[in-house]
Amino acid sequence: MSGSIRQILEQKYARFEQLEREMSDPSVLADGNRMGAVAREHGGLAKLAYRYRDFKKLTEDISGCQEMAEAAEDAEERDFAEAELVALRKQREQAWEDLLSMTVGGEDSHRTRCIMEIRAGTGGDEAALFARDLFEMYRRYADSKGWRTEIMDHSATEMGGFKEITLTFEGENVYRDLQYESGGHRVQRVPETETQGRIHTSAATVAVMPEPEDVEVNLKSDDYRVDKFCASGPGGQHVNKTESAIRLTHHETGIVVQCQDEKSQHKNLAKALRVLKTRIYEKKREEESAKRAETRQGLIGSGDRSQRIRTYNFPQNRLTDHRINLTLYKLDQIITGNVAPVTEALIEYDRDQLRGEMEEF
């Protein structure tokens, strides 16, 4: 997380108040797309903003109560003020725990949409099959959480695996929960194609990026190049005759995005633009994080794709998350979508790292 909790809360609260003003601005009200984006972001921040407002009020009340207790001229008045202080501090501790739950994961923890990219690493066909297994695991997890999932683009292999797949998730706490999945995932198992029962090791990488609202990334049509081509399937064969697939190249950053999952060129372009805006936003986030890297030490949701974060050992039914030394012997349940024990442990770890910061207030 970049910056202290206090800085993050103040930034989010200021942003919430700005969005409230924009929602009554005639120019915003007249623009349906902008109003929709503003309303979505406002809704995503509302719960946190109201809780932070309560927290600040409790902090003020505690300060006033302390002054009253110190200025009290008789024991009865002082006892009353001190009893009130105990109750107020208890309420504030609960409010702080609630705020920790809402802010753990950084400035973008309130995002209700994110994009995930899964890529097969070393291990050939087995790595591609593992990438498919990760996709299925996250899709089922999303279903259990009531999130909406959409495939943006994918490149399949003849054996049914994925060289890479890009998908979006939408729902409450979606980025907060999934951001910890960014990094290198290693699998140890006997491949389907292995005739002698030997255990192979292969890998896949996962990147999870918060999806910004349209108003946050100003992208004009002359900022990128559009290339159109025929969509292809496993083995590279063309799956349709029309140039429905889209490739976008962003001039300033060199970021390249392509989408070919839809038969409609218009739909592929819309999807590609969403992914491109997310990648641009993520690049800016990474640049800002690099400037403030020292404040992130000890926290785990850094999203470093080169870091090996987890091992899936099928023969031992064991999952190990190397960042927090978590070992669970229920890989069979996790790989079929029960990811909650892992994400909850990671969130709790980050929360523990941040608990001491209430002293700032």
# chains A, B, ... in the order shown; residues from 1 in each chain; ligands from 1
>>> residues_around(residues="Asn317 (chain A)", least_positions_apart="5", cutoff="10 Å", atoms="only C-alpha atoms", output="list in words")
Arg189, Tyr312, Leu328, Tyr329, Lys330, Leu331, Asp332, Gln333 and Ile334 of chain A
>>> write_last_selection(atoms="C-alpha atoms", output="tab-separated table (two decimals), in the first residue's frame")
chain	number	residue	atom	x	y	z
A	189	ARG	CA	1.88	-32.82	-10.56
A	312	TYR	CA	0.26	-26.10	-5.99
A	328	LEU	CA	-3.11	-25.75	3.39
A	329	TYR	CA	-3.66	-29.45	2.72
A	330	LYS	CA	-6.89	-28.99	0.76
A	331	LEU	CA	-5.69	-28.18	-2.72
A	332	ASP	CA	-8.49	-30.32	-4.18
A	333	GLN	CA	-11.04	-27.88	-2.70
A	334	ILE	CA	-9.12	-24.71	-3.56
>>> select_by_dssp(residues="region 82-160 of chain A", states="alpha helix (DSSP H)", output="PyMOL selection string")
chain A and resi 82-103+124-145
>>> select_by_dssp(residues="region 112-199 of chain A", states="strand (DSSP E or B)", output="JSON, numbers by chain")
{"A": [113, 114, 115, 116, 117, 118, 119, 120, 148, 149, 150, 151, 152, 153, 154, 155, 156, 162, 163, 164, 165, 166, 167, 168, 169, 170, 183, 184, 185, 186, 187, 188, 189]}
>>> atom_distance(atom1="CA of Val215 (chain A)", atom2="CA of Asn33 (chain A)")
9.1 Å
>>> residues_around(residues="Arg139 (chain A)", least_positions_apart="5", cutoff="12 Å", atoms="only C-alpha atoms", output="ChimeraX atom specification")
/A:116,132-134,144-151,166-170,178,335-339
>>> closest_atom_pairs(of="region 143-202 of chain A", to="region 345-354 of chain A", cutoff="9 Å", atoms="only C-alpha atoms", output="JSON lines")
{"residue": "A:Arg176", "atom": "CA", "partner": "A:Ile347", "partner_atom": "CA", "distance": 8.3}
{"residue": "A:Asp177", "atom": "CA", "partner": "A:Ile347", "partner_atom": "CA", "distance": 7.5}
{"residue": "A:Tyr180", "atom": "CA", "partner": "A:Leu346", "partner_atom": "CA", "distance": 7.2}
>>> write_last_selection(atoms="N, CA and C atoms", output="short mmCIF file (atom, residue, chain, number, x, y, z; two decimals), in the first residue's frame")
data_model
loop_
_atom_site.label_atom_id
_atom_site.label_comp_id
_atom_site.auth_asym_id
_atom_site.auth_seq_id
_atom_site.Cartn_x
_atom_site.Cartn_y
_atom_site.Cartn_z
N ARG A 176 -10.09 -5.86 -4.18
CA ARG A 176 -9.47 -6.07 -2.87
C ARG A 176 -9.09 -7.54 -2.67
N ASP A 177 -9.99 -8.44 -3.06
CA ASP A 177 -9.77 -9.87 -2.84
C ASP A 177 -8.79 -10.47 -3.85
N TYR A 180 -4.20 -9.99 -4.63
CA TYR A 180 -3.13 -10.80 -4.04
C TYR A 180 -2.74 -11.98 -4.93
#
>>> closest_residue(among="A:Gln196, A:Asn268, A:Thr205, A:Thr253", to="Tyr224 (chain A)", atoms="only C-alpha atoms")
A:Thr253
>>> atom_distance(atom1="CA of Val256 (chain A)", atom2="CA of Leu276 (chain A)")
7.6 Å
>>> residues_around(residues="Glu213 (chain A)", least_positions_apart="2", cutoff="12 Å", atoms="only C-alpha atoms", output="PyMOL selection string")
chain A and resi 33-42+44+108+111-114+210-211+215-219+273-275+277-278+281
>>> atom_distance(atom1="CA of Asp98 (chain A)", atom2="CA of Arg21 (chain A)")
25.8 Å
>>> residues_around(residues="Phe135 (chain A)", least_positions_apart="6", cutoff="9 Å", atoms="only C-alpha atoms", output="MDAnalysis selection string")
chainID A and resid 118 162 165 167
>>> closest_residue(among="A:Glu287, A:Asp153, A:Glu93, A:Glu82", to="Thr59 (chain A)", atoms="only C-alpha atoms")
A:Glu93
>>> closest_residue(among="A:Ala69, A:Leu85, A:Val208, A:Leu319", to="Gln188 (chain A)", atoms="only C-alpha atoms")
A:Leu319
